[in-house]
Amino acid sequence: MSFHIGPLHYTGILPLIAVLVLLYAIYESIVRGRDAAKYLRIGFLLVAIGWLIYWIPFVTLDFTLHEVFWNTSPGLPTWMRFAAAWAGGGGSLFLFALIASLGGLYLLRSETSRWLQAALASITVIGLAAAFLNDAFTVLPQKPVSGAGLNPLLKSPWLYPHPLSTFSGYALLAVASAALLAGMRRKGYILFEIGWALLTLGILLGGYWSYETFGWGGYWAWDPVETSELMVWLAATILPHLLVVAPSLAPASEALLASSVFLAMYVTRTGLSPLHSFAAPSLGALILLATAYAWLVLAGLALYKKVEDGWRELVRSVRSLEIYRVGLLVAAISLIIASLFVYSTLLVPASMTVAGKSASVPQMSAGIKFFHPVLYPLLIVMLAAIPAAFLGQWLGWRGYFALLVTVGATAAVLGAAGYTDKIDIAPLSPDATNAMMLFGLPWAGTAAAATITYIVIRAKKGLLILLRDRFSGLSLLHLGLAITVIGVLLSGTYAFNESYMKEYHIKPGDTIVLPGGFKLSFEGFSFGISDSKVDIYTRYVNHTASYYYGQVALFTLAQDFARLIQEYENGKKMYETNTTAKTLLKLALRGTIPAPGTFVARGRATVKYINFATNTTLVIAQNEPVEIELTNITLRPMLNQDNGSFYLFMPIQAAELKAVFERNVSNFLPAVLGVHDLLAFSFTEPLRISIGNITLIISNATILSEQLLTGGKGEPLHTYNNTIGGKMAILDTQSGTLEVNGTKIASIPAEIPSGVITYYIAESTPSYKKVIDAIKETGLYDLLKEPENVLKLAFSPDCLKTIHSGASFAANGCEAYVKAPKLVPETAWLDVVFKISRGGSEKLVKERIRFEAYGEIQGIHGLVPKVIHPGEGIDEVYIVLEPPMINSFLYGSQIAYHELLIYYLHEAFKNLTPPERLALAAVMIGGYQSDLLGNLGNPQQAQSMLEGSLVDVYLLASKYDPRNSTILRDGLTVKVKIVPGARLVWLGPVLMAISALYLAGMALALRRGGR
C-alpha cells in the first residue's frame, strides 16, 4: 500500500520537513545570529526517522517509488532490500545526508559556533536536495506491476559494507572538516579519524568487491569513482601532516577535503564512470558540483589569509633540522601535489560535463599511463620519509642519509635488473612494470621495517606505554600503508593483466591441477530459474540500447529472413501446383544436354553484323532465306537473375556451326569475326531446333564465336563466300518459344518465379534444409510466413503506418520499440559443486553462477561469473567459473552464446507464445551484442549480425535440453591465475583503519579524562 502527494512519495515528507527546518536553522544562525542548535537537532532527528521510514517501501516492494522500482524486484531477498535503499543515486545521497546528520548530532552535544551550525545544516540540506533531485522520493507516473531489478553486479553481500563505509567516510569527513574549520578540534579530530578509517575500508572493500565480481582479477582500474575515492583519501591524509609542520595551512586543507567529498559524489552520478554512474548530469548533480566549488573557493580564501604564516611555519620546520618534522614536511608536500593532481584531473572533466562537453577521466590502461608517472615517484618519496618520522630520533641525519643511500642503491640495481630482464618477476608485463615493482619494493620494505622497529622499541618500555603512545597507533597505520604498497607492487600487474590467465575446461568427475598445487574436482552441477518476475518493459521501451538493437533485429528479420520464408512458402505452392514452373526448374537444373549428329534448320531472317570495337551495325540480309547447320550440339540451359527475377536462357553450343545465306556475304564482311564481332538474327519464319523432346522455336538469336566468349582465347568465326561459320560457336536464343513433348511450355527467356528457386535451394541444400526444418519445429515458421507479423513486434500500430510510409525509426518516437513481454523470470542460475584440495586438506565449494535477465535489458549484461580465490601464504589462486559456450545454430563455431542465456530463454519460452518468444529473444540479443555492435562501423554488418543472432538464440533456446548440457560434452570453463601478494592488499588497509579508529578512541578517552 502506498500514498503520495503529487509527485512526492510519502517517504519524502519527513526529509522535506527536515530541509525546511534546517533552512530555518541556517537563517537563525547566520541572518539573526542566534543559537539554532535545537532546530538542528530537530532537523537531524527528522532525517534519521525519515530514513527508517524510507526502508518501508523497499521491504514491502512498493514499486511506485522510483528507487524501489529501479533497485528491487520480487526475487530480491528481504535482507538485500534494506541495502537496495542506497543502491541508486538518490538513495545513496539520502544515506550521505543521514550520516552527516548523525555526525551533526554528535557535534551538537557541545557548544557550537553559529558558523558551524550553518555549515552542518548546509551539508545535510545539500545531501537531501541532491537526493530529492535524483529521484530518491519520486513517484512513478504509472504503478508498475514489478520492479526493474537490482543491478546484477550490486546483487551481492558487499552492497552493505562498501557503500556504507564509503558514504559514511564521505559524510563524516565533510562534517569533520566543518568542525575543524570552526575550531572544534577534539570532536572534529575524532570524526575525522573515524571518517578516514571508514573511507580507507570503503576503498579496500570496493577493490575486493571488484576483484571477486568482474572475473578478471583487477581490484583497481582507475575507474573515475575509484579515482574520486582516492582523491578524498589523499586530501584527508594531508591534514594530520600539515597540523604538525604548518598548522596555519590546515584550514585550507580542511576546506579542500570538503570540496573533494562533494566532487567525488558528483563524479559518481554524472556518467564519468561507466561502472558506477546512475544518470547524466542533473540539477541534483550540479548542486554537488556547485558545493564542491564553494568549498574550493573557501579553501582558496583560507590559503590567501594564512599563506604568509604557513610559509614561515614551513621554513621553521626545515630550519629546525628535526628529522621527524622534515620527514613530515616531505610527506605533506608529496601528498599535496598528489591530491591536487588527482583533484584537478577530476574537476576539469566534471566542469566540462556541465558545459555540455564530452569529457572522460583516464581509466584502465589509459589511467595507468596518465596517473602512474606522477603518483609513483611521489609514493616513493613518501615511503622514504617514513623512517625519518619514526626512527629519526635514533638514526640522526647521518644514519638516515646512509639508510636512504643504501635503499636507493639497492632499489636502483633491482630496478635496472628488472628493466633489462635480468630479474623478471612479472614475465608477461612490460619491462617498465618489472622495473617499477623491483624499484619500489625496497622502499616499501624499509618503511614497514621502520614502523615495526618503532613498535618494538616502544614495547620494550612496557605495554601500557605502548598503548598510550599516539605514535604507536600512527606507526601501525603507516605499517598498514607499507604493507598495502608491497601488496600492490607484487599483485597489481597480475591482477590487472588478463594475459596471466590460463583457461581450462573441466567436466563433471574430472580433476585438474591448478597453479600453486591446488586440485580442483568437479563434483556436479544443476540449472535453475526463479519463480519471481521482473519488469523488463515499462521503463526500458523507447529508451535503452537493448530495445533499439532488438527493434533493428526484428526489422531486419522482417525485411530479409521473413521475406525469404514468405517466398519459400509461395515457391512451395507453385512448385506443387504449377507444372510449367516445375518443368522449367527441372530443365534449368538438368545441366547440359548433348545431341550428336548434324542438325539443319531453315527459315527467313534479317541478319545484322555488329562490331563492338567500332560501334557499327551492318545489315547483311533483309528477310532472306537462311540455313543454320549445327554439328554435335550441346544444349546448355542457363539461369540468370535480373532485378530479383530469374530467367531461363537456352543457348546451343555446336562443335561446328555454319550460317548459309543465298548471296555472297564475304564481299562486305571481314574474313575473320573475332572478339569484337557477332551476328544478330531476327527470324520472320521462326527457326525450329529439336533436341530430344525439347524444341526451340527461335524468333531472335545471336551467333557468338568462342573467341568472343572467352575474351580472345578461342576460335573465331570465318567468312567463306555465302557462309559464316566456326568451331565451338554458340547459337544464343534471345527470344522464342520452348516446347516440351510438343506442348508449348513458355516463352524464351522463360521466367521462373523466384519463390520456386528459393524453395528448391532450401530443399536441396542440407544447411538450408536444416534451418527450415528447425524453424518449422520451433513454431517460428508460421510467424515468419507473414513478415507483417514480425513488423508488428517491432513497431506500435501508429509507428507501423509511419514506417510503411518510408520514414526512419526515429520519426514520431518510433525508435527503440519492441512489443516484448512485460514480466519475465528474473534470474537463471547454474549451481556447481567443486572440491578444492591441496596437500592433505580438502574443501567442498558450492557456487552459483547467475544470469539476471534484466541485466541484458539495462545494457550492463546479466551474466555474473563466480570467482573463488583460495590463498597460499600472501598469494591467491584466482579462479573464475564461467558457463560454457554454445555454438551458433546457423554459423557453427564462428559465433557462440553462453549457456545460461540459452537456458534462460528455453525456460522463459515455456509460458510464452511464439511472437512473445521472438520479442523476448530480440531484446535479449540486443543487450547481449550491444558491446560488439558499438564497434562495427558498417550498419549493414550490424543488422546482419543482429538478425542472425536473433534466429540463432530462438532456435537454440527452443531446441535446448538441460539434460544434454554442453557442460557434459565440453566441460565448464575455468580461468586461473596466481595473484602474488594479493592478501597484503587486503591486510594493509585493515591495519590502517584499525589504527585510525584506535587513535579516535584514544582521543575520545583523553577528552573524557579532561586531557
# chains A, B, ... in the order shown; residues from 1 in each chain; ligands from 1
call {"tool": "residues_around", "arguments": {"residues": "stretch 626-629 of chain A", "least_positions_apart": "4", "cutoff": "8 Å", "atoms": "only C-alpha atoms", "output": "ChimeraX atom specification"}}
result
/A:598-605,657-662
call {"tool": "residues_around", "arguments": {"residues": "A:Ser351", "least_positions_apart": "4", "cutoff": "12 Å", "atoms": "only C-alpha atoms", "output": "NGL selection string"}}
result
:A and (263 or 266-267 or 270 or 272 or 281 or 285-286 or 288-290 or 292-293 or 344-347 or 355-361)
call {"tool": "write_last_selection", "arguments": {"atoms": "N, CA and C atoms", "output": "short mmCIF file (atom, residue, chain, number, x, y, z; two decimals), in the first residue's frame"}}
result
data_model
loop_
_atom_site.label_atom_id
_atom_site.label_comp_id
_atom_site.auth_asym_id
_atom_site.auth_seq_id
_atom_site.Cartn_x
_atom_site.Cartn_y
_atom_site.Cartn_z
N LEU A 263 32.87 16.78 -4.80
CA LEU A 263 33.28 16.48 -6.17
C LEU A 263 33.22 14.98 -6.43
N TYR A 266 29.72 13.99 -7.06
CA TYR A 266 29.28 14.43 -8.39
C TYR A 266 29.78 13.47 -9.46
N VAL A 267 31.05 13.08 -9.36
CA VAL A 267 31.64 12.18 -10.35
C VAL A 267 30.86 10.86 -10.39
N THR A 270 27.41 11.19 -12.75
CA THR A 270 27.28 12.03 -13.94
C THR A 270 27.76 11.34 -15.20
N LEU A 272 30.72 10.03 -15.74
CA LEU A 272 32.16 9.98 -15.89
C LEU A 272 32.69 8.59 -15.60
N PRO A 281 24.38 14.30 -16.07
CA PRO A 281 24.33 15.45 -15.18
C PRO A 281 22.92 15.99 -15.04
N ALA A 285 22.91 16.70 -9.41
CA ALA A 285 24.36 16.55 -9.51
C ALA A 285 25.05 17.91 -9.56
N LEU A 286 24.43 18.87 -10.22
CA LEU A 286 25.02 20.20 -10.32
C LEU A 286 25.12 20.87 -8.95
N LEU A 288 25.81 19.33 -6.25
CA LEU A 288 27.01 18.76 -5.64
C LEU A 288 28.26 19.44 -6.19
N LEU A 289 28.31 19.65 -7.50
CA LEU A 289 29.48 20.29 -8.10
C LEU A 289 29.60 21.74 -7.64
N ALA A 290 28.46 22.43 -7.56
CA ALA A 290 28.48 23.82 -7.08
C ALA A 290 28.99 23.89 -5.65
N ALA A 292 31.05 21.73 -4.29
CA ALA A 292 32.49 21.47 -4.36
C ALA A 292 33.24 22.75 -4.70
N TYR A 293 32.70 23.53 -5.63
CA TYR A 293 33.34 24.80 -6.00
C TYR A 293 33.30 25.78 -4.83
N SER A 344 42.41 17.91 -9.70
CA SER A 344 42.24 18.66 -10.95
C SER A 344 41.87 17.72 -12.10
N THR A 345 42.40 16.50 -12.07
CA THR A 345 42.08 15.53 -13.12
C THR A 345 40.59 15.22 -13.15
N LEU A 346 39.95 15.29 -11.99
CA LEU A 346 38.50 15.04 -11.93
C LEU A 346 37.70 16.31 -12.09
N LEU A 347 38.21 17.43 -11.57
CA LEU A 347 37.44 18.68 -11.61
C LEU A 347 37.26 19.19 -13.04
N ALA A 355 29.11 22.08 -18.98
CA ALA A 355 29.03 22.91 -20.18
C ALA A 355 28.51 22.12 -21.38
N GLY A 356 28.14 20.87 -21.14
CA GLY A 356 27.61 20.06 -22.23
C GLY A 356 28.68 19.46 -23.12
N LYS A 357 29.92 19.50 -22.67
CA LYS A 357 31.02 18.95 -23.47
C LYS A 357 31.23 17.49 -23.11
N SER A 358 31.70 16.74 -24.09
CA SER A 358 32.05 15.35 -23.84
C SER A 358 33.38 15.30 -23.10
N ALA A 359 33.41 14.58 -22.00
CA ALA A 359 34.63 14.53 -21.19
C ALA A 359 34.75 13.16 -20.55
N SER A 360 35.97 12.76 -20.31
CA SER A 360 36.21 11.48 -19.64
C SER A 360 37.46 11.59 -18.79
N VAL A 361 37.55 10.68 -17.85
CA VAL A 361 38.71 10.62 -16.97
C VAL A 361 39.55 9.42 -17.41
#
call {"tool": "closest_residue", "arguments": {"among": "A:Ile368, A:Phe58, A:Gly517, A:Tyr160", "to": "A:Ala83", "atoms": "only C-alpha atoms"}}
result
A:Tyr160
call {"tool": "residues_around", "arguments": {"residues": "A:Gly871", "least_positions_apart": "3", "cutoff": "12 Å", "atoms": "only C-alpha atoms", "output": "PyMOL selection string"}}
result
chain A and resi 515-518+836-838+868+874-879+977-984
call {"tool": "write_last_selection", "arguments": {"atoms": "N, CA, C and O atoms", "output": "PDB file, in the first residue's frame"}}
result
ATOM      1  N   PRO A 515      47.694 -23.936 -10.803  1.00  0.00           N
ATOM      2  CA  PRO A 515      48.925 -23.322 -10.279  1.00  0.00           C
ATOM      3  C   PRO A 515      48.858 -23.230  -8.751  1.00  0.00           C
ATOM      4  O   PRO A 515      47.794 -23.006  -8.174  1.00  0.00           O
ATOM      5  N   GLY A 516      49.984 -23.386  -8.118  1.00  0.00           N
ATOM      6  CA  GLY A 516      50.008 -23.342  -6.663  1.00  0.00           C
ATOM      7  C   GLY A 516      49.793 -24.697  -6.027  1.00  0.00           C
ATOM      8  O   GLY A 516      49.736 -24.804  -4.802  1.00  0.00           O
ATOM      9  N   GLY A 517      49.646 -25.735  -6.845  1.00  0.00           N
ATOM     10  CA  GLY A 517      49.486 -27.075  -6.299  1.00  0.00           C
ATOM     11  C   GLY A 517      48.077 -27.429  -5.891  1.00  0.00           C
ATOM     12  O   GLY A 517      47.847 -28.503  -5.310  1.00  0.00           O
ATOM     13  N   PHE A 518      47.108 -26.589  -6.164  1.00  0.00           N
ATOM     14  CA  PHE A 518      45.721 -26.891  -5.836  1.00  0.00           C
ATOM     15  C   PHE A 518      45.133 -27.859  -6.859  1.00  0.00           C
ATOM     16  O   PHE A 518      45.453 -27.794  -8.055  1.00  0.00           O
ATOM     17  N   ILE A 836      38.064 -28.521  -3.612  1.00  0.00           N
ATOM     18  CA  ILE A 836      39.397 -27.946  -3.741  1.00  0.00           C
ATOM     19  C   ILE A 836      40.296 -28.616  -2.708  1.00  0.00           C
ATOM     20  O   ILE A 836      39.979 -28.623  -1.503  1.00  0.00           O
ATOM     21  N   SER A 837      41.383 -29.157  -3.160  1.00  0.00           N
ATOM     22  CA  SER A 837      42.278 -29.859  -2.243  1.00  0.00           C
ATOM     23  C   SER A 837      43.715 -29.429  -2.485  1.00  0.00           C
ATOM     24  O   SER A 837      44.100 -29.045  -3.593  1.00  0.00           O
ATOM     25  N   ARG A 838      44.474 -29.509  -1.427  1.00  0.00           N
ATOM     26  CA  ARG A 838      45.913 -29.191  -1.515  1.00  0.00           C
ATOM     27  C   ARG A 838      46.593 -29.864  -0.337  1.00  0.00           C
ATOM     28  O   ARG A 838      46.218 -29.640   0.818  1.00  0.00           O
ATOM     29  N   ILE A 868      36.401 -17.736  -7.112  1.00  0.00           N
ATOM     30  CA  ILE A 868      36.903 -18.248  -5.830  1.00  0.00           C
ATOM     31  C   ILE A 868      38.412 -18.038  -5.836  1.00  0.00           C
ATOM     32  O   ILE A 868      39.065 -18.135  -6.882  1.00  0.00           O
ATOM     33  N   ILE A 874      50.805 -15.326   1.243  1.00  0.00           N
ATOM     34  CA  ILE A 874      50.306 -13.989   0.905  1.00  0.00           C
ATOM     35  C   ILE A 874      49.721 -13.931  -0.498  1.00  0.00           C
ATOM     36  O   ILE A 874      49.171 -12.909  -0.905  1.00  0.00           O
ATOM     37  N   ASP A 875      49.855 -15.032  -1.245  1.00  0.00           N
ATOM     38  CA  ASP A 875      49.357 -15.082  -2.620  1.00  0.00           C
ATOM     39  C   ASP A 875      47.949 -15.676  -2.659  1.00  0.00           C
ATOM     40  O   ASP A 875      47.488 -16.290  -1.696  1.00  0.00           O
ATOM     41  N   GLU A 876      47.290 -15.498  -3.803  1.00  0.00           N
ATOM     42  CA  GLU A 876      45.985 -16.106  -4.005  1.00  0.00           C
ATOM     43  C   GLU A 876      45.927 -16.747  -5.382  1.00  0.00           C
ATOM     44  O   GLU A 876      46.522 -16.248  -6.350  1.00  0.00           O
ATOM     45  N   VAL A 877      45.212 -17.879  -5.444  1.00  0.00           N
ATOM     46  CA  VAL A 877      44.922 -18.515  -6.725  1.00  0.00           C
ATOM     47  C   VAL A 877      43.553 -18.006  -7.167  1.00  0.00           C
ATOM     48  O   VAL A 877      42.539 -18.279  -6.521  1.00  0.00           O
ATOM     49  N   TYR A 878      43.545 -17.260  -8.233  1.00  0.00           N
ATOM     50  CA  TYR A 878      42.318 -16.597  -8.700  1.00  0.00           C
ATOM     51  C   TYR A 878      41.640 -17.505  -9.724  1.00  0.00           C
ATOM     52  O   TYR A 878      42.167 -17.749 -10.811  1.00  0.00           O
ATOM     53  N   ILE A 879      40.462 -18.015  -9.371  1.00  0.00           N
ATOM     54  CA  ILE A 879      39.749 -18.993 -10.199  1.00  0.00           C
ATOM     55  C   ILE A 879      38.410 -18.395 -10.608  1.00  0.00           C
ATOM     56  O   ILE A 879      37.602 -18.017  -9.749  1.00  0.00           O
ATOM     57  N   LYS A 977      44.659 -17.854 -12.503  1.00  0.00           N
ATOM     58  CA  LYS A 977      45.975 -17.210 -12.453  1.00  0.00           C
ATOM     59  C   LYS A 977      46.376 -17.043 -10.991  1.00  0.00           C
ATOM     60  O   LYS A 977      45.527 -17.003 -10.092  1.00  0.00           O
ATOM     61  N   ILE A 978      47.649 -16.961 -10.770  1.00  0.00           N
ATOM     62  CA  ILE A 978      48.184 -16.651  -9.439  1.00  0.00           C
ATOM     63  C   ILE A 978      48.299 -15.140  -9.317  1.00  0.00           C
ATOM     64  O   ILE A 978      48.793 -14.465 -10.227  1.00  0.00           O
ATOM     65  N   VAL A 979      47.820 -14.598  -8.201  1.00  0.00           N
ATOM     66  CA  VAL A 979      47.977 -13.163  -7.926  1.00  0.00           C
ATOM     67  C   VAL A 979      48.876 -13.039  -6.696  1.00  0.00           C
ATOM     68  O   VAL A 979      48.407 -13.144  -5.556  1.00  0.00           O
ATOM     69  N   PRO A 980      50.180 -12.860  -6.901  1.00  0.00           N
ATOM     70  CA  PRO A 980      51.107 -12.807  -5.758  1.00  0.00           C
ATOM     71  C   PRO A 980      50.891 -11.553  -4.913  1.00  0.00           C
ATOM     72  O   PRO A 980      50.649 -10.472  -5.432  1.00  0.00           O
ATOM     73  N   GLY A 981      50.945 -11.743  -3.609  1.00  0.00           N
ATOM     74  CA  GLY A 981      50.837 -10.615  -2.687  1.00  0.00           C
ATOM     75  C   GLY A 981      49.448 -10.050  -2.528  1.00  0.00           C
ATOM     76  O   GLY A 981      49.271  -9.014  -1.870  1.00  0.00           O
ATOM     77  N   ALA A 982      48.433 -10.714  -3.087  1.00  0.00           N
ATOM     78  CA  ALA A 982      47.079 -10.151  -3.045  1.00  0.00           C
ATOM     79  C   ALA A 982      46.589  -9.978  -1.612  1.00  0.00           C
ATOM     80  O   ALA A 982      45.907  -8.996  -1.291  1.00  0.00           O
ATOM     81  N   ARG A 983      46.942 -10.910  -0.740  1.00  0.00           N
ATOM     82  CA  ARG A 983      46.418 -10.831   0.630  1.00  0.00           C
ATOM     83  C   ARG A 983      47.008  -9.651   1.411  1.00  0.00           C
ATOM     84  O   ARG A 983      46.389  -9.180   2.366  1.00  0.00           O
ATOM     85  N   LEU A 984      48.154  -9.165   1.002  1.00  0.00           N
ATOM     86  CA  LEU A 984      48.701  -7.972   1.637  1.00  0.00           C
ATOM     87  C   LEU A 984      47.869  -6.743   1.287  1.00  0.00           C
ATOM     88  O   LEU A 984      47.761  -5.805   2.083  1.00  0.00           O
TER      89      LEU A 984
END
call {"tool": "closest_residue", "arguments": {"among": "A:Arg688, A:Lys143, A:Lys959, A:Lys586", "to": "A:Asp535", "atoms": "only C-alpha atoms"}}
result
A:Lys143
call {"tool": "residues_around", "arguments": {"residues": "A:Asn570", "least_positions_apart": "4", "cutoff": "7 Å", "atoms": "only C-alpha atoms", "output": "ChimeraX atom specification"}}
result
/A:566,574,755
call {"tool": "closest_residue", "arguments": {"among": "A:Ile194, A:Ala18, A:Leu391, A:Ile203", "to": "A:Trp233", "atoms": "only C-alpha atoms"}}
result
A:Ile203
